[in-house]
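As stored in final14.txt (compact mmCIF, N, CA and C atoms):
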```txt
# COMPACT_ATOMS: atom_id res chain seq x y z
N MET A 25 103.73 151.75 66.30
CA MET A 25 105.01 152.23 66.79
C MET A 25 106.10 151.20 66.53
N SER A 26 107.28 151.65 66.25
CA SER A 26 108.40 150.73 66.02
C SER A 26 108.90 150.19 67.36
N ALA A 27 109.62 149.10 67.29
CA ALA A 27 110.18 148.50 68.51
C ALA A 27 111.12 149.47 69.20
N GLU A 28 111.89 150.22 68.42
CA GLU A 28 112.82 151.19 69.01
C GLU A 28 112.07 152.28 69.77
N SER A 29 110.95 152.75 69.20
CA SER A 29 110.14 153.77 69.87
C SER A 29 109.53 153.23 71.15
N LEU A 30 109.09 151.99 71.10
CA LEU A 30 108.50 151.37 72.29
C LEU A 30 109.55 151.18 73.38
N LEU A 31 110.74 150.76 73.00
CA LEU A 31 111.81 150.59 73.98
C LEU A 31 112.18 151.93 74.61
N SER A 32 112.18 152.97 73.80
CA SER A 32 112.46 154.31 74.32
C SER A 32 111.35 154.76 75.28
N ALA A 33 110.12 154.38 74.98
CA ALA A 33 108.98 154.77 75.82
C ALA A 33 109.03 154.11 77.20
N LEU A 34 109.81 153.05 77.35
CA LEU A 34 109.94 152.40 78.65
C LEU A 34 110.58 153.30 79.70
N SER A 35 111.23 154.37 79.25
CA SER A 35 111.84 155.31 80.19
C SER A 35 111.08 156.63 80.27
N ASP A 36 109.88 156.66 79.73
CA ASP A 36 109.05 157.86 79.80
C ASP A 36 108.71 158.17 81.26
N PRO A 37 108.60 159.45 81.63
CA PRO A 37 108.26 159.77 83.02
C PRO A 37 106.83 159.37 83.42
N LEU A 38 105.93 159.20 82.44
CA LEU A 38 104.55 158.86 82.76
C LEU A 38 104.36 157.34 82.79
N PRO A 39 103.87 156.80 83.90
CA PRO A 39 103.69 155.35 83.99
C PRO A 39 102.70 154.81 82.96
N GLU A 40 101.73 155.59 82.57
CA GLU A 40 100.76 155.13 81.58
C GLU A 40 101.44 154.86 80.24
N ILE A 41 102.39 155.71 79.89
CA ILE A 41 103.13 155.53 78.63
C ILE A 41 104.02 154.29 78.72
N ARG A 42 104.69 154.12 79.87
CA ARG A 42 105.55 152.94 80.05
C ARG A 42 104.73 151.66 80.00
N ARG A 43 103.57 151.66 80.67
CA ARG A 43 102.70 150.47 80.68
C ARG A 43 102.22 150.13 79.28
N GLU A 44 101.83 151.14 78.52
CA GLU A 44 101.36 150.91 77.15
C GLU A 44 102.50 150.39 76.26
N ALA A 45 103.71 150.90 76.48
CA ALA A 45 104.86 150.42 75.71
C ALA A 45 105.12 148.94 76.01
N VAL A 46 105.03 148.57 77.27
CA VAL A 46 105.20 147.16 77.65
C VAL A 46 104.13 146.31 76.96
N ARG A 47 102.89 146.77 77.02
CA ARG A 47 101.78 146.02 76.43
C ARG A 47 101.99 145.83 74.92
N GLU A 48 102.38 146.89 74.24
CA GLU A 48 102.59 146.80 72.79
C GLU A 48 103.76 145.91 72.43
N LEU A 49 104.82 145.95 73.25
CA LEU A 49 105.94 145.04 73.00
C LEU A 49 105.48 143.60 73.12
N GLY A 50 104.59 143.34 74.06
CA GLY A 50 104.04 142.00 74.22
C GLY A 50 103.17 141.59 73.05
N GLU A 51 102.38 142.51 72.54
CA GLU A 51 101.54 142.20 71.39
C GLU A 51 102.37 141.89 70.16
N LYS A 52 103.51 142.58 70.04
CA LYS A 52 104.38 142.34 68.89
C LYS A 52 105.24 141.09 69.10
N GLY A 53 105.29 140.59 70.34
CA GLY A 53 106.12 139.43 70.63
C GLY A 53 107.59 139.71 70.39
N GLU A 54 108.04 140.87 70.83
CA GLU A 54 109.40 141.31 70.58
C GLU A 54 110.42 140.59 71.45
N TYR A 55 110.98 139.51 70.92
CA TYR A 55 112.00 138.76 71.66
C TYR A 55 113.24 139.62 71.92
N GLY A 56 113.53 140.54 71.02
CA GLY A 56 114.68 141.43 71.18
C GLY A 56 114.52 142.41 72.32
N SER A 57 113.33 142.50 72.86
CA SER A 57 113.07 143.44 73.94
C SER A 57 113.08 142.80 75.32
N VAL A 58 113.40 141.53 75.40
CA VAL A 58 113.31 140.80 76.67
C VAL A 58 114.18 141.43 77.75
N GLU A 59 115.41 141.81 77.42
CA GLU A 59 116.29 142.41 78.43
C GLU A 59 115.71 143.72 78.95
N ALA A 60 115.16 144.54 78.07
CA ALA A 60 114.55 145.80 78.50
C ALA A 60 113.30 145.53 79.34
N LEU A 61 112.55 144.50 78.99
CA LEU A 61 111.37 144.15 79.77
C LEU A 61 111.77 143.61 81.15
N ILE A 62 112.83 142.85 81.20
CA ILE A 62 113.31 142.37 82.49
C ILE A 62 113.69 143.56 83.37
N ALA A 63 114.32 144.55 82.79
CA ALA A 63 114.66 145.76 83.55
C ALA A 63 113.38 146.48 84.02
N ALA A 64 112.32 146.40 83.22
CA ALA A 64 111.05 147.05 83.59
C ALA A 64 110.37 146.36 84.77
N LEU A 65 110.83 145.17 85.12
CA LEU A 65 110.29 144.52 86.33
C LEU A 65 110.61 145.32 87.59
N ASN A 66 111.55 146.25 87.47
CA ASN A 66 111.92 147.09 88.61
C ASN A 66 111.36 148.50 88.49
N ASP A 67 110.40 148.70 87.60
CA ASP A 67 109.77 150.00 87.44
C ASP A 67 109.13 150.43 88.77
N PRO A 68 109.14 151.72 89.09
CA PRO A 68 108.54 152.15 90.35
C PRO A 68 107.01 152.01 90.40
N ASP A 69 106.37 151.83 89.25
CA ASP A 69 104.91 151.75 89.20
C ASP A 69 104.45 150.29 89.24
N ASP A 70 103.53 149.99 90.17
CA ASP A 70 103.01 148.63 90.32
C ASP A 70 102.40 148.10 89.04
N ASP A 71 101.60 148.92 88.37
CA ASP A 71 100.90 148.46 87.16
C ASP A 71 101.86 148.18 86.01
N VAL A 72 102.94 148.94 85.93
CA VAL A 72 103.95 148.67 84.89
C VAL A 72 104.61 147.33 85.17
N ARG A 73 104.96 147.08 86.42
CA ARG A 73 105.57 145.80 86.77
C ARG A 73 104.61 144.64 86.51
N LEU A 74 103.35 144.82 86.85
CA LEU A 74 102.35 143.78 86.62
C LEU A 74 102.22 143.48 85.12
N GLU A 75 102.10 144.50 84.33
CA GLU A 75 101.99 144.31 82.87
C GLU A 75 103.25 143.65 82.32
N THR A 76 104.40 144.00 82.87
CA THR A 76 105.66 143.42 82.41
C THR A 76 105.70 141.92 82.69
N VAL A 77 105.23 141.50 83.85
CA VAL A 77 105.18 140.07 84.16
C VAL A 77 104.30 139.35 83.15
N ILE A 78 103.16 139.93 82.85
CA ILE A 78 102.22 139.33 81.90
C ILE A 78 102.88 139.18 80.52
N VAL A 79 103.54 140.23 80.07
CA VAL A 79 104.16 140.23 78.75
C VAL A 79 105.32 139.24 78.68
N LEU A 80 106.12 139.19 79.73
CA LEU A 80 107.23 138.22 79.72
C LEU A 80 106.69 136.80 79.65
N GLY A 81 105.56 136.55 80.26
CA GLY A 81 104.93 135.24 80.16
C GLY A 81 104.47 134.94 78.74
N LYS A 82 103.91 135.95 78.08
CA LYS A 82 103.46 135.76 76.69
C LYS A 82 104.63 135.47 75.77
N ILE A 83 105.73 136.19 75.97
CA ILE A 83 106.90 136.00 75.11
C ILE A 83 107.53 134.64 75.39
N GLY A 84 107.60 134.26 76.67
CA GLY A 84 108.06 132.93 77.04
C GLY A 84 109.56 132.70 76.95
N ASP A 85 110.34 133.74 76.98
CA ASP A 85 111.79 133.60 76.90
C ASP A 85 112.35 133.14 78.25
N GLN A 86 113.20 132.12 78.21
CA GLN A 86 113.74 131.55 79.45
C GLN A 86 114.59 132.51 80.25
N ARG A 87 115.10 133.56 79.61
CA ARG A 87 115.89 134.56 80.35
C ARG A 87 115.07 135.24 81.43
N ALA A 88 113.74 135.17 81.32
CA ALA A 88 112.87 135.83 82.29
C ALA A 88 112.64 135.00 83.55
N VAL A 89 113.04 133.73 83.55
CA VAL A 89 112.72 132.85 84.67
C VAL A 89 113.29 133.37 85.99
N ASP A 90 114.59 133.61 86.05
CA ASP A 90 115.19 134.06 87.32
C ASP A 90 114.62 135.40 87.80
N PRO A 91 114.47 136.39 86.93
CA PRO A 91 113.85 137.64 87.40
C PRO A 91 112.40 137.45 87.88
N LEU A 92 111.67 136.54 87.24
CA LEU A 92 110.30 136.27 87.69
C LEU A 92 110.30 135.55 89.04
N ILE A 93 111.25 134.68 89.25
CA ILE A 93 111.38 134.04 90.57
C ILE A 93 111.67 135.09 91.63
N ASP A 94 112.52 136.06 91.29
CA ASP A 94 112.81 137.16 92.22
C ASP A 94 111.53 137.92 92.58
N LYS A 95 110.67 138.14 91.60
CA LYS A 95 109.40 138.84 91.86
C LYS A 95 108.49 137.98 92.73
N LEU A 96 108.47 136.69 92.44
CA LEU A 96 107.64 135.77 93.19
C LEU A 96 108.03 135.71 94.66
N THR A 97 109.31 135.68 94.92
CA THR A 97 109.79 135.48 96.29
C THR A 97 110.12 136.79 97.00
N GLY A 98 110.03 137.90 96.32
CA GLY A 98 110.38 139.19 96.91
C GLY A 98 109.23 139.83 97.67
N ASN A 99 109.42 141.07 97.99
CA ASN A 99 108.41 141.84 98.74
C ASN A 99 107.66 142.80 97.84
N ASP A 100 107.37 142.39 96.64
CA ASP A 100 106.67 143.26 95.69
C ASP A 100 105.18 143.31 96.00
N TYR A 101 104.50 144.16 95.26
CA TYR A 101 103.06 144.30 95.30
C TYR A 101 102.42 142.91 95.14
N PHE A 102 101.40 142.61 95.93
CA PHE A 102 100.79 141.28 95.97
C PHE A 102 100.43 140.77 94.58
N TYR A 103 99.79 141.59 93.76
CA TYR A 103 99.34 141.11 92.45
C TYR A 103 100.51 140.86 91.50
N VAL A 104 101.61 141.56 91.68
CA VAL A 104 102.80 141.27 90.88
C VAL A 104 103.34 139.90 91.26
N ARG A 105 103.42 139.61 92.56
CA ARG A 105 103.89 138.30 93.01
C ARG A 105 102.96 137.19 92.52
N LYS A 106 101.66 137.43 92.65
CA LYS A 106 100.67 136.43 92.23
C LYS A 106 100.78 136.14 90.73
N LYS A 107 100.88 137.19 89.94
CA LYS A 107 101.00 137.01 88.48
C LYS A 107 102.33 136.37 88.12
N ALA A 108 103.40 136.67 88.86
CA ALA A 108 104.69 136.03 88.62
C ALA A 108 104.56 134.52 88.87
N GLY A 109 103.84 134.14 89.91
CA GLY A 109 103.62 132.72 90.20
C GLY A 109 102.87 132.04 89.08
N TYR A 110 101.81 132.66 88.60
CA TYR A 110 101.04 132.09 87.49
C TYR A 110 101.90 131.99 86.23
N THR A 111 102.66 133.05 85.97
CA THR A 111 103.50 133.07 84.77
C THR A 111 104.56 131.98 84.82
N LEU A 112 105.18 131.80 85.98
CA LEU A 112 106.17 130.74 86.11
C LEU A 112 105.54 129.37 85.92
N TYR A 113 104.33 129.22 86.41
CA TYR A 113 103.61 127.95 86.23
C TYR A 113 103.39 127.67 84.74
N THR A 114 103.07 128.70 83.97
CA THR A 114 102.87 128.50 82.53
C THR A 114 104.18 128.14 81.83
N PHE A 115 105.31 128.63 82.36
CA PHE A 115 106.60 128.26 81.79
C PHE A 115 106.81 126.75 81.88
N LEU A 116 106.28 126.13 82.91
CA LEU A 116 106.45 124.68 83.09
C LEU A 116 105.82 123.88 81.95
N LYS A 117 104.86 124.46 81.27
CA LYS A 117 104.19 123.77 80.17
C LYS A 117 105.02 123.80 78.88
N ASN A 118 106.08 124.59 78.87
CA ASN A 118 106.94 124.71 77.70
C ASN A 118 107.85 123.49 77.64
N GLU A 119 107.67 122.65 76.63
CA GLU A 119 108.44 121.42 76.51
C GLU A 119 109.92 121.67 76.27
N ARG A 120 110.27 122.84 75.75
CA ARG A 120 111.66 123.15 75.46
C ARG A 120 112.39 123.76 76.66
N LEU A 121 111.71 123.89 77.78
CA LEU A 121 112.31 124.49 78.97
C LEU A 121 113.43 123.60 79.51
N ASP A 122 114.56 124.19 79.78
CA ASP A 122 115.70 123.49 80.36
C ASP A 122 115.28 122.81 81.66
N GLU A 123 115.71 121.57 81.85
CA GLU A 123 115.30 120.80 83.03
C GLU A 123 115.74 121.45 84.34
N GLY A 124 116.91 122.08 84.34
CA GLY A 124 117.36 122.78 85.54
C GLY A 124 116.44 123.93 85.90
N LEU A 125 115.99 124.68 84.89
CA LEU A 125 115.05 125.78 85.14
C LEU A 125 113.70 125.23 85.59
N ARG A 126 113.31 124.12 85.02
CA ARG A 126 112.04 123.49 85.40
C ARG A 126 112.05 123.13 86.89
N LEU A 127 113.13 122.53 87.35
CA LEU A 127 113.25 122.16 88.76
C LEU A 127 113.28 123.41 89.66
N LYS A 128 113.98 124.42 89.19
CA LYS A 128 114.07 125.67 89.95
C LYS A 128 112.69 126.32 90.09
N ILE A 129 111.95 126.37 88.99
CA ILE A 129 110.60 126.95 89.03
C ILE A 129 109.72 126.15 89.98
N ARG A 130 109.74 124.84 89.84
CA ARG A 130 108.90 124.00 90.71
C ARG A 130 109.20 124.24 92.18
N SER A 131 110.46 124.31 92.51
CA SER A 131 110.86 124.51 93.90
C SER A 131 110.33 125.84 94.45
N HIS A 132 110.57 126.91 93.73
CA HIS A 132 110.13 128.23 94.20
C HIS A 132 108.62 128.38 94.13
N TRP A 133 108.02 127.83 93.08
CA TRP A 133 106.58 127.97 92.93
C TRP A 133 105.86 127.24 94.06
N ARG A 134 106.28 126.02 94.36
CA ARG A 134 105.64 125.26 95.45
C ARG A 134 105.78 125.98 96.78
N SER A 135 106.98 126.50 97.05
CA SER A 135 107.19 127.23 98.31
C SER A 135 106.25 128.42 98.39
N TRP A 136 106.12 129.15 97.29
CA TRP A 136 105.25 130.31 97.28
C TRP A 136 103.78 129.88 97.42
N TYR A 137 103.40 128.88 96.66
CA TYR A 137 102.00 128.44 96.63
C TYR A 137 101.53 127.93 97.99
N LEU A 138 102.43 127.29 98.72
CA LEU A 138 102.05 126.71 100.00
C LEU A 138 102.10 127.70 101.17
N THR A 139 102.49 128.94 100.89
CA THR A 139 102.52 129.92 101.99
C THR A 139 101.24 130.71 102.05
```

Mind turning the file's structure into structure tokens?
Amino acid sequence: MSAESLLSALSDPLPEIRREAVRELGEKGEYGSVEALIAALNDPDDDVRLETVIVLGKIGDQRAVDPLIDKLTGNDYFYVRKKAGYTLYTFLKNERLDEGLRLKIRSHWRSWYLT
């Protein structure tokens, strides 16, 4: 499937289709899809949000840091929060990560981890 088709599938009424579109975007490493994937963090389906967190971690784009912190510290499904915490932790291993974002991640991650 093309990236355009996958992006269009993110608004499909069936959560299985949306989840598969997220997964395929992650496999393709579509950096151009990061904004659409960030929007998918608010999908009504838990599994779509969980898959989106995983994919944003694989892509590793810094634009995802703040939305992932929101998932970590929000009232989302437990596994979405847990995966957001793990994903943010993996961002810390990125040597090119802006120091301000690194400090922000550490602060939120530690608060979450210690609760």

Write down as a PDB file with N, CA and C atoms, keeping the file's coordinate frame the residues belonging to range 43-81 of chain A that are assigned alpha helix (DSSP H) by DSSP computed on the backbone.
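Done, and the output landed in states-v9.pdb:
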```
ATOM      1  N   ARG A  43     103.570 151.660  80.670  1.00  0.00           N
ATOM      2  CA  ARG A  43     102.700 150.470  80.680  1.00  0.00           C
ATOM      3  C   ARG A  43     102.220 150.130  79.280  1.00  0.00           C
ATOM      4  N   GLU A  44     101.830 151.140  78.520  1.00  0.00           N
ATOM      5  CA  GLU A  44     101.360 150.910  77.150  1.00  0.00           C
ATOM      6  C   GLU A  44     102.500 150.390  76.260  1.00  0.00           C
ATOM      7  N   ALA A  45     103.710 150.900  76.480  1.00  0.00           N
ATOM      8  CA  ALA A  45     104.860 150.420  75.710  1.00  0.00           C
ATOM      9  C   ALA A  45     105.120 148.940  76.010  1.00  0.00           C
ATOM     10  N   VAL A  46     105.030 148.570  77.270  1.00  0.00           N
ATOM     11  CA  VAL A  46     105.200 147.160  77.650  1.00  0.00           C
ATOM     12  C   VAL A  46     104.130 146.310  76.960  1.00  0.00           C
ATOM     13  N   ARG A  47     102.890 146.770  77.020  1.00  0.00           N
ATOM     14  CA  ARG A  47     101.780 146.020  76.430  1.00  0.00           C
ATOM     15  C   ARG A  47     101.990 145.830  74.920  1.00  0.00           C
ATOM     16  N   GLU A  48     102.380 146.890  74.240  1.00  0.00           N
ATOM     17  CA  GLU A  48     102.590 146.800  72.790  1.00  0.00           C
ATOM     18  C   GLU A  48     103.760 145.910  72.430  1.00  0.00           C
ATOM     19  N   LEU A  49     104.820 145.950  73.250  1.00  0.00           N
ATOM     20  CA  LEU A  49     105.940 145.040  73.000  1.00  0.00           C
ATOM     21  C   LEU A  49     105.480 143.600  73.120  1.00  0.00           C
ATOM     22  N   GLY A  50     104.590 143.340  74.060  1.00  0.00           N
ATOM     23  CA  GLY A  50     104.040 142.000  74.220  1.00  0.00           C
ATOM     24  C   GLY A  50     103.170 141.590  73.050  1.00  0.00           C
ATOM     25  N   GLU A  51     102.380 142.510  72.540  1.00  0.00           N
ATOM     26  CA  GLU A  51     101.540 142.200  71.390  1.00  0.00           C
ATOM     27  C   GLU A  51     102.370 141.890  70.160  1.00  0.00           C
ATOM     28  N   LYS A  52     103.510 142.580  70.040  1.00  0.00           N
ATOM     29  CA  LYS A  52     104.380 142.340  68.890  1.00  0.00           C
ATOM     30  C   LYS A  52     105.240 141.090  69.100  1.00  0.00           C
ATOM     31  N   VAL A  58     113.400 141.530  75.400  1.00  0.00           N
ATOM     32  CA  VAL A  58     113.310 140.800  76.670  1.00  0.00           C
ATOM     33  C   VAL A  58     114.180 141.430  77.750  1.00  0.00           C
ATOM     34  N   GLU A  59     115.410 141.810  77.420  1.00  0.00           N
ATOM     35  CA  GLU A  59     116.290 142.410  78.430  1.00  0.00           C
ATOM     36  C   GLU A  59     115.710 143.720  78.950  1.00  0.00           C
ATOM     37  N   ALA A  60     115.160 144.540  78.070  1.00  0.00           N
ATOM     38  CA  ALA A  60     114.550 145.800  78.500  1.00  0.00           C
ATOM     39  C   ALA A  60     113.300 145.530  79.340  1.00  0.00           C
ATOM     40  N   LEU A  61     112.550 144.500  78.990  1.00  0.00           N
ATOM     41  CA  LEU A  61     111.370 144.150  79.770  1.00  0.00           C
ATOM     42  C   LEU A  61     111.770 143.610  81.150  1.00  0.00           C
ATOM     43  N   ILE A  62     112.830 142.850  81.200  1.00  0.00           N
ATOM     44  CA  ILE A  62     113.310 142.370  82.490  1.00  0.00           C
ATOM     45  C   ILE A  62     113.690 143.560  83.370  1.00  0.00           C
ATOM     46  N   ALA A  63     114.320 144.550  82.790  1.00  0.00           N
ATOM     47  CA  ALA A  63     114.660 145.760  83.550  1.00  0.00           C
ATOM     48  C   ALA A  63     113.380 146.480  84.020  1.00  0.00           C
ATOM     49  N   ALA A  64     112.320 146.400  83.220  1.00  0.00           N
ATOM     50  CA  ALA A  64     111.050 147.050  83.590  1.00  0.00           C
ATOM     51  C   ALA A  64     110.370 146.360  84.770  1.00  0.00           C
ATOM     52  N   ASP A  70     103.530 149.990  90.170  1.00  0.00           N
ATOM     53  CA  ASP A  70     103.010 148.630  90.320  1.00  0.00           C
ATOM     54  C   ASP A  70     102.400 148.100  89.040  1.00  0.00           C
ATOM     55  N   ASP A  71     101.600 148.920  88.370  1.00  0.00           N
ATOM     56  CA  ASP A  71     100.900 148.460  87.160  1.00  0.00           C
ATOM     57  C   ASP A  71     101.860 148.180  86.010  1.00  0.00           C
ATOM     58  N   VAL A  72     102.940 148.940  85.930  1.00  0.00           N
ATOM     59  CA  VAL A  72     103.950 148.670  84.890  1.00  0.00           C
ATOM     60  C   VAL A  72     104.610 147.330  85.170  1.00  0.00           C
ATOM     61  N   ARG A  73     104.960 147.080  86.420  1.00  0.00           N
ATOM     62  CA  ARG A  73     105.570 145.800  86.770  1.00  0.00           C
ATOM     63  C   ARG A  73     104.610 144.640  86.510  1.00  0.00           C
ATOM     64  N   LEU A  74     103.350 144.820  86.850  1.00  0.00           N
ATOM     65  CA  LEU A  74     102.350 143.780  86.620  1.00  0.00           C
ATOM     66  C   LEU A  74     102.220 143.480  85.120  1.00  0.00           C
ATOM     67  N   GLU A  75     102.100 144.500  84.330  1.00  0.00           N
ATOM     68  CA  GLU A  75     101.990 144.310  82.870  1.00  0.00           C
ATOM     69  C   GLU A  75     103.250 143.650  82.320  1.00  0.00           C
ATOM     70  N   THR A  76     104.400 144.000  82.870  1.00  0.00           N
ATOM     71  CA  THR A  76     105.660 143.420  82.410  1.00  0.00           C
ATOM     72  C   THR A  76     105.700 141.920  82.690  1.00  0.00           C
ATOM     73  N   VAL A  77     105.230 141.500  83.850  1.00  0.00           N
ATOM     74  CA  VAL A  77     105.180 140.070  84.160  1.00  0.00           C
ATOM     75  C   VAL A  77     104.300 139.350  83.150  1.00  0.00           C
ATOM     76  N   ILE A  78     103.160 139.930  82.850  1.00  0.00           N
ATOM     77  CA  ILE A  78     102.220 139.330  81.900  1.00  0.00           C
ATOM     78  C   ILE A  78     102.880 139.180  80.520  1.00  0.00           C
ATOM     79  N   VAL A  79     103.540 140.230  80.070  1.00  0.00           N
ATOM     80  CA  VAL A  79     104.160 140.230  78.750  1.00  0.00           C
ATOM     81  C   VAL A  79     105.320 139.240  78.680  1.00  0.00           C
ATOM     82  N   LEU A  80     106.120 139.190  79.730  1.00  0.00           N
ATOM     83  CA  LEU A  80     107.230 138.220  79.720  1.00  0.00           C
ATOM     84  C   LEU A  80     106.690 136.800  79.650  1.00  0.00           C
ATOM     85  N   GLY A  81     105.560 136.550  80.260  1.00  0.00           N
ATOM     86  CA  GLY A  81     104.930 135.240  80.160  1.00  0.00           C
ATOM     87  C   GLY A  81     104.470 134.940  78.740  1.00  0.00           C
TER      88      GLY A  81
END
```

Which distance in Å separates atom C of Ala63 in chain A and CA of Gly124 in chain A, to one decimal?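 Straight-line distance from atom C of Ala63 in chain A to CA of Gly124 in chain A works out to 24.1 Å.
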
I want to know what sits within 6 Å of range 107-117 of chain A, based on only N, CA and C atoms, with residues of the same chain fewer than 2 positions away left out; could you give that as an MDAnalysis selection string? chainID A and resid 81 92 95:96 102:105 119

Closest pair table for range 67-94 of chain A residues within 8 Å of range 45-57 of chain A, only C-alpha atoms, as JSON lines:
```
{"residue": "A:Val72", "atom": "CA", "partner": "A:Val46", "partner_atom": "CA", "distance": 7.5}
{"residue": "A:Glu75", "atom": "CA", "partner": "A:Arg47", "partner_atom": "CA", "distance": 6.7}
{"residue": "A:Thr76", "atom": "CA", "partner": "A:Val46", "partner_atom": "CA", "distance": 6.1}
{"residue": "A:Val79", "atom": "CA", "partner": "A:Gly50", "partner_atom": "CA", "distance": 4.9}
{"residue": "A:Leu80", "atom": "CA", "partner": "A:Gly50", "partner_atom": "CA", "distance": 7.4}
{"residue": "A:Lys82", "atom": "CA", "partner": "A:Gly50", "partner_atom": "CA", "distance": 6.7}
{"residue": "A:Ile83", "atom": "CA", "partner": "A:Gly53", "partner_atom": "CA", "distance": 5.7}
{"residue": "A:Asp85", "atom": "CA", "partner": "A:Tyr55", "partner_atom": "CA", "distance": 7.4}
```

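Counting from CA of Arg87 in chain A, the distance to CA of Pro39 in chain A is 24.4 Å.
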
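Atom N of Glu123 in chain A to CA of Pro91 in chain A spans 17.1 Å [interatomic distance, one decimal].
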
Choose the residue, out of A:Leu121, A:Ile41, A:Gly84, A:Leu34, that has the smallest atom-to-atom separation from Ala60 in chain A; count all atoms listed in the file.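 Smallest distance to Ala60 in chain A is found for A:Leu34.
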
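Of the listed residues (A:Arg134, A:Glu44, A:Val89, A:Ile78), A:Val89 comes nearest to Asp122 in chain A; the distances count only C-alpha atoms.
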